[in-house]
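Asker: Data: target_34.pdb, PDB, C-alpha atoms.
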ATOM      1  CA  MET A  86       0.286 -27.682   3.110  1.00  0.00           C
ATOM      2  CA  ASP A  87       2.603 -24.757   2.260  1.00  0.00           C
ATOM      3  CA  ARG A  88       3.434 -22.004   4.756  1.00  0.00           C
ATOM      4  CA  LEU A  89       1.091 -19.453   3.146  1.00  0.00           C
ATOM      5  CA  GLY A  90      -1.817 -21.889   3.376  1.00  0.00           C
ATOM      6  CA  THR A  91      -0.980 -22.567   7.008  1.00  0.00           C
ATOM      7  CA  VAL A  92      -0.825 -18.840   7.802  1.00  0.00           C
ATOM      8  CA  LEU A  93      -4.155 -18.190   6.068  1.00  0.00           C
ATOM      9  CA  LEU A  94      -5.857 -21.143   7.765  1.00  0.00           C
ATOM     10  CA  THR A  95      -4.528 -20.046  11.134  1.00  0.00           C
ATOM     11  CA  LEU A  96      -5.755 -16.488  10.620  1.00  0.00           C
ATOM     12  CA  VAL A  97      -9.168 -17.690   9.463  1.00  0.00           C
ATOM     13  CA  ALA A  98      -9.390 -20.095  12.396  1.00  0.00           C
ATOM     14  CA  LEU A  99      -8.643 -17.230  14.726  1.00  0.00           C
ATOM     15  CA  GLY A 100     -11.332 -15.195  12.970  1.00  0.00           C
ATOM     16  CA  GLN A 101      -8.843 -12.484  12.099  1.00  0.00           C
ATOM     17  CA  VAL A 102      -8.958 -12.301   8.306  1.00  0.00           C
ATOM     18  CA  ALA A 103     -12.750 -12.058   8.185  1.00  0.00           C
ATOM     19  CA  ARG A 104     -13.211 -10.186  11.456  1.00  0.00           C
ATOM     20  CA  ALA A 105     -15.256  -7.030  11.398  1.00  0.00           C
ATOM     21  CA  GLN A 106     -13.038  -4.017  10.921  1.00  0.00           C
ATOM     22  CA  GLU A 107     -13.917  -0.847  12.743  1.00  0.00           C
ATOM     23  CA  PRO A 108     -14.076   2.653  11.264  1.00  0.00           C
ATOM     24  CA  GLY A 109     -10.731   4.362  11.663  1.00  0.00           C
ATOM     25  CA  GLU A 110      -8.688   1.172  11.293  1.00  0.00           C
ATOM     26  CA  THR A 111      -6.163   0.664   8.524  1.00  0.00           C
ATOM     27  CA  VAL A 112      -6.471  -2.410   6.329  1.00  0.00           C
ATOM     28  CA  VAL A 113      -4.031  -3.800   3.773  1.00  0.00           C
ATOM     29  CA  VAL A 114      -5.153  -5.444   0.542  1.00  0.00           C
ATOM     30  CA  VAL A 115      -3.842  -9.024   0.439  1.00  0.00           C
ATOM     31  CA  ARG A 116      -5.258  -9.996  -2.971  1.00  0.00           C
ATOM     32  CA  GLU A 117      -6.263  -7.743  -5.849  1.00  0.00           C
ATOM     33  CA  THR A 118      -9.684  -6.289  -5.138  1.00  0.00           C
ATOM     34  CA  SER A 119     -12.166  -4.008  -6.848  1.00  0.00           C
ATOM     35  CA  MET A 120     -13.359  -0.864  -5.116  1.00  0.00           C
ATOM     36  CA  LYS A 121     -16.993  -0.297  -6.012  1.00  0.00           C
ATOM     37  CA  ARG A 122     -19.714   2.294  -5.716  1.00  0.00           C
ATOM     38  CA  GLU A 123     -23.020   0.611  -6.381  1.00  0.00           C
ATOM     39  CA  LYS A 124     -22.105  -1.772  -9.231  1.00  0.00           C
ATOM     40  CA  GLU A 125     -19.438   0.437 -10.779  1.00  0.00           C
ATOM     41  CA  VAL A 126     -15.772  -0.410 -10.213  1.00  0.00           C
ATOM     42  CA  VAL A 127     -14.033   2.888  -9.440  1.00  0.00           C
ATOM     43  CA  GLN A 128     -10.563   1.516  -8.762  1.00  0.00           C
ATOM     44  CA  THR A 129      -8.663  -1.756  -8.542  1.00  0.00           C
ATOM     45  CA  LEU A 130      -6.447  -2.048  -5.490  1.00  0.00           C
ATOM     46  CA  ALA A 131      -3.284  -4.141  -5.751  1.00  0.00           C
ATOM     47  CA  PRO A 132      -1.885  -6.294  -2.954  1.00  0.00           C
ATOM     48  CA  GLY A 133      -0.080  -4.171  -0.383  1.00  0.00           C
ATOM     49  CA  ARG A 134      -2.285  -1.142  -0.913  1.00  0.00           C
ATOM     50  CA  PHE A 135      -3.602   0.163   2.372  1.00  0.00           C
ATOM     51  CA  ALA A 136      -6.682   2.187   3.143  1.00  0.00           C
ATOM     52  CA  ARG A 137      -8.649   3.577   6.050  1.00  0.00           C
ATOM     53  CA  VAL A 138     -11.938   1.944   6.980  1.00  0.00           C
ATOM     54  CA  GLU A 139     -14.764   4.494   7.093  1.00  0.00           C
ATOM     55  CA  ASP A 140     -17.782   2.184   7.431  1.00  0.00           C
ATOM     56  CA  VAL A 141     -18.600  -1.517   7.769  1.00  0.00           C
ATOM     57  CA  ASP A 142     -21.542  -3.357   6.190  1.00  0.00           C
ATOM     58  CA  SER A 143     -21.616  -7.130   6.601  1.00  0.00           C
ATOM     59  CA  THR A 144     -18.950  -8.461   4.237  1.00  0.00           C
ATOM     60  CA  TRP A 145     -18.029  -5.061   2.815  1.00  0.00           C
ATOM     61  CA  LEU A 146     -15.843  -2.204   4.001  1.00  0.00           C
ATOM     62  CA  TRP A 147     -16.217   1.400   2.868  1.00  0.00           C
ATOM     63  CA  VAL A 148     -12.627   2.602   2.580  1.00  0.00           C
ATOM     64  CA  SER A 149     -10.810   5.664   1.409  1.00  0.00           C
ATOM     65  CA  ALA A 150      -7.572   5.639  -0.525  1.00  0.00           C
ATOM     66  CA  GLU A 151      -7.424   8.076  -3.490  1.00  0.00           C
ATOM     67  CA  ASN A 152     -11.034   7.142  -4.090  1.00  0.00           C
ATOM     68  CA  ALA A 153     -13.669   5.945  -1.692  1.00  0.00           C
ATOM     69  CA  GLY A 154     -15.809   2.880  -2.138  1.00  0.00           C
ATOM     70  CA  TRP A 155     -16.730  -0.601  -0.980  1.00  0.00           C
ATOM     71  CA  ILE A 156     -14.239  -3.476  -0.975  1.00  0.00           C
ATOM     72  CA  ALA A 157     -14.731  -7.079   0.073  1.00  0.00           C
ATOM     73  CA  ARG A 158     -13.632  -7.616   3.659  1.00  0.00           C
ATOM     74  CA  HIS A 159     -12.089 -11.006   2.802  1.00  0.00           C
ATOM     75  CA  ASP A 160      -9.579  -9.278   0.474  1.00  0.00           C
ATOM     76  CA  VAL A 161      -7.927  -7.304   3.281  1.00  0.00           C
ATOM     77  CA  ALA A 162      -6.152  -7.895   6.566  1.00  0.00           C
ATOM     78  CA  THR A 163      -4.720  -5.829   9.382  1.00  0.00           C
ATOM     79  CA  PRO A 164      -1.186  -4.569   8.729  1.00  0.00           C
ATOM     80  CA  LYS A 165       0.344  -7.224  11.035  1.00  0.00           C
ATOM     81  CA  GLU A 166      -1.652 -10.005   9.355  1.00  0.00           C
ATOM     82  CA  ALA A 167      -0.669  -8.710   5.913  1.00  0.00           C
ATOM     83  CA  ILE A 168       3.002  -8.758   6.933  1.00  0.00           C
ATOM     84  CA  GLU A 169       2.617 -12.443   7.841  1.00  0.00           C
ATOM     85  CA  ILE A 170       0.825 -13.212   4.571  1.00  0.00           C
ATOM     86  CA  PHE A 171       3.370 -11.449   2.318  1.00  0.00           C
ATOM     87  CA  THR A 172       6.303 -12.896   4.271  1.00  0.00           C
ATOM     88  CA  ALA A 173       4.814 -16.368   3.764  1.00  0.00           C
ATOM     89  CA  ARG A 174       4.472 -15.691   0.026  1.00  0.00           C
ATOM     90  CA  ILE A 175       8.146 -14.745  -0.158  1.00  0.00           C
ATOM     91  CA  ASP A 176       9.112 -17.818   1.867  1.00  0.00           C
ATOM     92  CA  GLU A 177       7.128 -19.930  -0.614  1.00  0.00           C
ATOM     93  CA  GLY A 178       9.128 -18.517  -3.520  1.00  0.00           C
ATOM     94  CA  ALA A 179       7.257 -15.388  -4.621  1.00  0.00           C
ATOM     95  CA  ASP A 180      10.422 -13.318  -4.501  1.00  0.00           C
ATOM     96  CA  ASP A 181       9.412 -10.786  -7.128  1.00  0.00           C
ATOM     97  CA  ALA A 182       9.581  -7.004  -6.801  1.00  0.00           C
ATOM     98  CA  LEU A 183       5.806  -6.612  -6.434  1.00  0.00           C
ATOM     99  CA  THR A 184       5.645  -8.971  -3.453  1.00  0.00           C
ATOM    100  CA  TYR A 185       8.472  -7.103  -1.718  1.00  0.00           C
ATOM    101  CA  THR A 186       6.648  -3.837  -2.419  1.00  0.00           C
ATOM    102  CA  ALA A 187       3.429  -5.263  -0.947  1.00  0.00           C
ATOM    103  CA  LEU A 188       5.352  -6.412   2.144  1.00  0.00           C
ATOM    104  CA  GLY A 189       6.940  -2.980   2.459  1.00  0.00           C
ATOM    105  CA  ASN A 190       3.558  -1.294   2.224  1.00  0.00           C
ATOM    106  CA  ALA A 191       2.141  -3.574   4.934  1.00  0.00           C
ATOM    107  CA  LYS A 192       5.086  -2.599   7.147  1.00  0.00           C
ATOM    108  CA  LEU A 193       4.575   1.066   6.271  1.00  0.00           C
ATOM    109  CA  ALA A 194       0.915   0.752   7.322  1.00  0.00           C
ATOM    110  CA  ASP A 195       2.167  -0.803  10.576  1.00  0.00           C
ATOM    111  CA  LYS A 196       4.561   2.156  11.107  1.00  0.00           C
ATOM    112  CA  GLN A 197       7.660  -0.047  10.646  1.00  0.00           C
ATOM    113  CA  ILE A 198       9.253   2.604   8.447  1.00  0.00           C
ATOM    114  CA  ASP A 199      12.885   1.404   8.406  1.00  0.00           C
ATOM    115  CA  GLU A 200      11.821  -2.165   7.683  1.00  0.00           C
ATOM    116  CA  ALA A 201       9.489  -0.950   4.927  1.00  0.00           C
ATOM    117  CA  ILE A 202      12.333   0.972   3.279  1.00  0.00           C
ATOM    118  CA  THR A 203      14.459  -2.186   3.362  1.00  0.00           C
ATOM    119  CA  ASP A 204      11.710  -4.048   1.485  1.00  0.00           C
ATOM    120  CA  PHE A 205      11.290  -1.230  -1.048  1.00  0.00           C
ATOM    121  CA  ASN A 206      15.066  -1.245  -1.601  1.00  0.00           C
ATOM    122  CA  GLU A 207      14.910  -4.998  -2.263  1.00  0.00           C
ATOM    123  CA  ALA A 208      12.011  -4.497  -4.681  1.00  0.00           C
ATOM    124  CA  LEU A 209      13.993  -1.827  -6.530  1.00  0.00           C
ATOM    125  CA  ARG A 210      17.084  -4.038  -6.603  1.00  0.00           C
ATOM    126  CA  ARG A 211      14.938  -6.600  -8.429  1.00  0.00           C
ATOM    127  CA  ASP A 212      13.225  -4.031 -10.685  1.00  0.00           C
ATOM    128  CA  PRO A 213      14.781  -0.527 -10.654  1.00  0.00           C
ATOM    129  CA  LYS A 214      11.955   0.859 -12.797  1.00  0.00           C
ATOM    130  CA  LEU A 215       9.052  -0.301 -10.627  1.00  0.00           C
ATOM    131  CA  ILE A 216       7.107   2.907 -10.124  1.00  0.00           C
ATOM    132  CA  VAL A 217       4.994   1.604  -7.237  1.00  0.00           C
ATOM    133  CA  ALA A 218       8.185   0.709  -5.318  1.00  0.00           C
ATOM    134  CA  LEU A 219       9.679   4.163  -5.960  1.00  0.00           C
ATOM    135  CA  THR A 220       6.463   5.876  -4.893  1.00  0.00           C
ATOM    136  CA  SER A 221       6.110   3.697  -1.813  1.00  0.00           C
ATOM    137  CA  ARG A 222       9.715   4.305  -0.776  1.00  0.00           C
ATOM    138  CA  ALA A 223       9.155   8.038  -1.269  1.00  0.00           C
ATOM    139  CA  HIS A 224       6.120   7.828   1.022  1.00  0.00           C
ATOM    140  CA  ALA A 225       8.219   6.068   3.683  1.00  0.00           C
ATOM    141  CA  LEU A 226      11.070   8.566   3.317  1.00  0.00           C
ATOM    142  CA  ALA A 227       8.615  11.441   3.669  1.00  0.00           C
ATOM    143  CA  GLU A 228       7.289   9.837   6.868  1.00  0.00           C
ATOM    144  CA  GLN A 229      10.866  10.062   8.165  1.00  0.00           C
ATOM    145  CA  ARG A 230      11.035  13.670   6.972  1.00  0.00           C
ATOM    146  CA  HIS A 231      13.727  12.874   4.378  1.00  0.00           C
ATOM    147  CA  PHE A 232      12.002  15.098   1.848  1.00  0.00           C
ATOM    148  CA  GLU A 233      14.899  15.514  -0.599  1.00  0.00           C
ATOM    149  CA  LYS A 234      15.358  11.744  -0.905  1.00  0.00           C
ATOM    150  CA  ALA A 235      11.589  11.306  -1.274  1.00  0.00           C
ATOM    151  CA  LEU A 236      11.458  13.933  -4.014  1.00  0.00           C
ATOM    152  CA  ALA A 237      14.400  12.271  -5.791  1.00  0.00           C
ATOM    153  CA  ASP A 238      12.458   8.986  -5.891  1.00  0.00           C
ATOM    154  CA  LEU A 239       9.355  10.776  -7.138  1.00  0.00           C
ATOM    155  CA  ASN A 240      11.310  12.638  -9.812  1.00  0.00           C
ATOM    156  CA  GLN A 241      12.758   9.331 -11.011  1.00  0.00           C
ATOM    157  CA  ALA A 242       9.268   7.800 -11.061  1.00  0.00           C
ATOM    158  CA  ALA A 243       7.924  10.822 -12.971  1.00  0.00           C
ATOM    159  CA  GLN A 244      10.624  10.348 -15.609  1.00  0.00           C
ATOM    160  CA  LEU A 245       9.488   6.748 -16.026  1.00  0.00           C
ATOM    161  CA  ASP A 246       5.777   7.652 -16.151  1.00  0.00           C
ATOM    162  CA  PRO A 247       5.023  11.386 -16.420  1.00  0.00           C
ATOM    163  CA  GLN A 248       1.258  10.716 -16.201  1.00  0.00           C
ATOM    164  CA  SER A 249       1.236   8.603 -13.020  1.00  0.00           C
ATOM    165  CA  VAL A 250      -1.460  10.020 -10.764  1.00  0.00           C
ATOM    166  CA  ASP A 251       0.141   8.481  -7.658  1.00  0.00           C
ATOM    167  CA  VAL A 252       3.514  10.048  -8.441  1.00  0.00           C
ATOM    168  CA  LEU A 253       2.106  13.475  -9.295  1.00  0.00           C
ATOM    169  CA  PHE A 254      -0.203  13.555  -6.278  1.00  0.00           C
ATOM    170  CA  LEU A 255       2.502  12.609  -3.770  1.00  0.00           C
ATOM    171  CA  ARG A 256       5.108  14.877  -5.351  1.00  0.00           C
ATOM    172  CA  GLY A 257       2.641  17.769  -5.422  1.00  0.00           C
ATOM    173  CA  THR A 258       1.785  17.184  -1.774  1.00  0.00           C
ATOM    174  CA  LEU A 259       5.457  17.143  -0.733  1.00  0.00           C
ATOM    175  CA  LEU A 260       6.230  20.255  -2.771  1.00  0.00           C
ATOM    176  CA  ALA A 261       3.289  22.096  -1.202  1.00  0.00           C
ATOM    177  CA  GLU A 262       4.449  21.099   2.283  1.00  0.00           C
ATOM    178  CA  ARG A 263       7.849  22.554   1.423  1.00  0.00           C
ATOM    179  CA  GLY A 264       6.298  25.837   0.256  1.00  0.00           C
ATOM    180  CA  GLN A 265       6.904  25.259  -3.460  1.00  0.00           C
ATOM    181  CA  PHE A 266       3.328  26.042  -4.384  1.00  0.00           C
ATOM    182  CA  GLU A 267       3.776  26.732  -8.117  1.00  0.00           C
ATOM    183  CA  LYS A 268       5.525  23.392  -8.686  1.00  0.00           C
ATOM    184  CA  ALA A 269       2.946  21.669  -6.492  1.00  0.00           C
ATOM    185  CA  ALA A 270       0.082  23.163  -8.486  1.00  0.00           C
ATOM    186  CA  ALA A 271       1.685  21.990 -11.737  1.00  0.00           C
ATOM    187  CA  ASP A 272       1.701  18.415 -10.437  1.00  0.00           C
TER     188      ASP A 272
END
Transcribe the structure of this file into structure tokens.

Answerer:
Amino acid sequence: MDRLGTVLLTLVALGQVARAQEPGETVVVVRETSMKREKEVVQTLAPGRFARVEDVDSTWLWVSAENAGWIARHDVATPKEAIEIFTARIDEGADDALTYTALGNAKLADKQIDEAITDFNEALRRDPKLIVALTSRAHALAEQRHFEKALADLNQAAQLDPQSVDVLFLRGTLLAERGQFEKAAAD
């Protein structure tokens, strides 16, 4: 059995992947999942995306990210568990930019900011135009209060995709926090 399978089996055996999350906890998406309201899919969350649990119902979690909705509990893990899962994927050969971005986001959710930035840098070394890696690194840099560097990443991402909601939202938020309200409102 490969390392990822061993990690997943161990986590399941310990009851950690499928354990009931509590409101207020942060979860990290470990496989692509649909966020739903009733039967309507309102958003698809990629691996590495993290969200706050607001409510728990059997096998579903009501979470908030940009949207709010229900996601399957088996598609998420705690930040520490997600770090193990994404690290195992890399060890098994999934050394692509998206996997490094997912690992970085799991570390960001776990407040391992420097380590997250290292993973985002590796993702961008592999794919310098990966908008999610630029946006994620900007988020981490903003957490460290390196606002100019964060805005530089967001400006680069906006040049690559001027319509990216994630880029515009985060850049607008940072600009507002810095008192640049007209620019923030434009975003």

Asker: Would you mind reading off the distance between atom CA of Arg137 of chain A and atom CA of Ala191 of chain A, one decimal, in Å?

Answerer: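 Between these atoms lies a distance of 13.0 Å.
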
Asker: For the structure provided, state which residues fall under the PyMOL selection byres ((chain A and resi 211) around 10), and present them as a CSV table (one decimal) with C-alpha atoms, in the coordinates of the input.

Answerer:
chain,number,residue,atom,x,y,z
A,180,ASP,CA,10.4,-13.3,-4.5
A,181,ASP,CA,9.4,-10.8,-7.1
A,182,ALA,CA,9.6,-7.0,-6.8
A,183,LEU,CA,5.8,-6.6,-6.4
A,185,TYR,CA,8.5,-7.1,-1.7
A,205,PHE,CA,11.3,-1.2,-1.0
A,206,ASN,CA,15.1,-1.2,-1.6
A,207,GLU,CA,14.9,-5.0,-2.3
A,208,ALA,CA,12.0,-4.5,-4.7
A,209,LEU,CA,14.0,-1.8,-6.5
A,210,ARG,CA,17.1,-4.0,-6.6
A,212,ASP,CA,13.2,-4.0,-10.7
A,213,PRO,CA,14.8,-0.5,-10.7
A,214,LYS,CA,12.0,0.9,-12.8
A,215,LEU,CA,9.1,-0.3,-10.6

Asker: Under the PyMOL selection byres ((chain A and resi 146) around 12), which residues of this model are included? Write them out as a ChimeraX atom specification.

Answerer: /A:103-114,118-122,136-145,147-149,153-162

Asker: Next, dump the selected residues to file, keeping only C-alpha atoms, as an mmCIF file, in the frame of the given file.

Answerer:
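New file result_9.cif:
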data_model
loop_
_atom_site.group_PDB
_atom_site.id
_atom_site.type_symbol
_atom_site.label_atom_id
_atom_site.label_comp_id
_atom_site.auth_asym_id
_atom_site.auth_seq_id
_atom_site.Cartn_x
_atom_site.Cartn_y
_atom_site.Cartn_z
ATOM 1 C CA ALA A 103 -12.750 -12.058 8.185
ATOM 2 C CA ARG A 104 -13.211 -10.186 11.456
ATOM 3 C CA ALA A 105 -15.256 -7.030 11.398
ATOM 4 C CA GLN A 106 -13.038 -4.017 10.921
ATOM 5 C CA GLU A 107 -13.917 -0.847 12.743
ATOM 6 C CA PRO A 108 -14.076 2.653 11.264
ATOM 7 C CA GLY A 109 -10.731 4.362 11.663
ATOM 8 C CA GLU A 110 -8.688 1.172 11.293
ATOM 9 C CA THR A 111 -6.163 0.664 8.524
ATOM 10 C CA VAL A 112 -6.471 -2.410 6.329
ATOM 11 C CA VAL A 113 -4.031 -3.800 3.773
ATOM 12 C CA VAL A 114 -5.153 -5.444 0.542
ATOM 13 C CA THR A 118 -9.684 -6.289 -5.138
ATOM 14 C CA SER A 119 -12.166 -4.008 -6.848
ATOM 15 C CA MET A 120 -13.359 -0.864 -5.116
ATOM 16 C CA LYS A 121 -16.993 -0.297 -6.012
ATOM 17 C CA ARG A 122 -19.714 2.294 -5.716
ATOM 18 C CA ALA A 136 -6.682 2.187 3.143
ATOM 19 C CA ARG A 137 -8.649 3.577 6.050
ATOM 20 C CA VAL A 138 -11.938 1.944 6.980
ATOM 21 C CA GLU A 139 -14.764 4.494 7.093
ATOM 22 C CA ASP A 140 -17.782 2.184 7.431
ATOM 23 C CA VAL A 141 -18.600 -1.517 7.769
ATOM 24 C CA ASP A 142 -21.542 -3.357 6.190
ATOM 25 C CA SER A 143 -21.616 -7.130 6.601
ATOM 26 C CA THR A 144 -18.950 -8.461 4.237
ATOM 27 C CA TRP A 145 -18.029 -5.061 2.815
ATOM 28 C CA TRP A 147 -16.217 1.400 2.868
ATOM 29 C CA VAL A 148 -12.627 2.602 2.580
ATOM 30 C CA SER A 149 -10.810 5.664 1.409
ATOM 31 C CA ALA A 153 -13.669 5.945 -1.692
ATOM 32 C CA GLY A 154 -15.809 2.880 -2.138
ATOM 33 C CA TRP A 155 -16.730 -0.601 -0.980
ATOM 34 C CA ILE A 156 -14.239 -3.476 -0.975
ATOM 35 C CA ALA A 157 -14.731 -7.079 0.073
ATOM 36 C CA ARG A 158 -13.632 -7.616 3.659
ATOM 37 C CA HIS A 159 -12.089 -11.006 2.802
ATOM 38 C CA ASP A 160 -9.579 -9.278 0.474
ATOM 39 C CA VAL A 161 -7.927 -7.304 3.281
ATOM 40 C CA ALA A 162 -6.152 -7.895 6.566
#

Asker: List, as a count of residues only, every residue that the PyMOL selection byres ((chain A and resi 243-249) around 12) selects in the file provided.

Answerer: 23

Asker: Provide the atom CA of Ala218 of chain A to atom CA of Asn152 of chain A distance in Å, to one decimal place.

Answerer: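 According to the coordinates, atom CA of Ala218 of chain A and atom CA of Asn152 of chain A are separated by 20.3 Å.
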
Asker: Measuring between only C-alpha atoms, which one of A:Arg116, A:Ala201, A:Glu151, A:Leu193 shows the shortest distance to Pro132 of chain A?

Answerer: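 Checking each candidate against Pro132 of chain A, we get A:Arg116 as the closest.
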
Asker: Quick check, in Å to one decimal: how far apart do atom CA of Arg174 of chain A and atom CA of Gly133 of chain A lie?

Answerer: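 Computing the Euclidean distance for atom CA of Arg174 of chain A and atom CA of Gly133 of chain A yields 12.4 Å.
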
Asker: Show me the residues around (3.0, -6.6, 13.1) - criterion: an atom at most 10 Å away, only C-alpha atoms counted - as a ChimeraX atom specification.

Answerer: /A:163-169,191-192,194-197

Asker: With distances taken over all atoms listed in the file, which of A:Gln265, A:Thr129, A:Thr258, A:Gln229 is nearest to Asp199 of chain A?

Answerer: A:Gln229

Asker: So that I can see what lies close to Ala225 of chain A, please list as a list of chain:residue names the residues with an atom at most 7 Å from it, counting all atoms listed in the file and leaving out residues fewer than 3 positions away in the same chain.

Answerer: A:Leu193, A:Ile198, A:Ile202, A:Ser221, A:Arg222, A:Glu228, A:Gln229
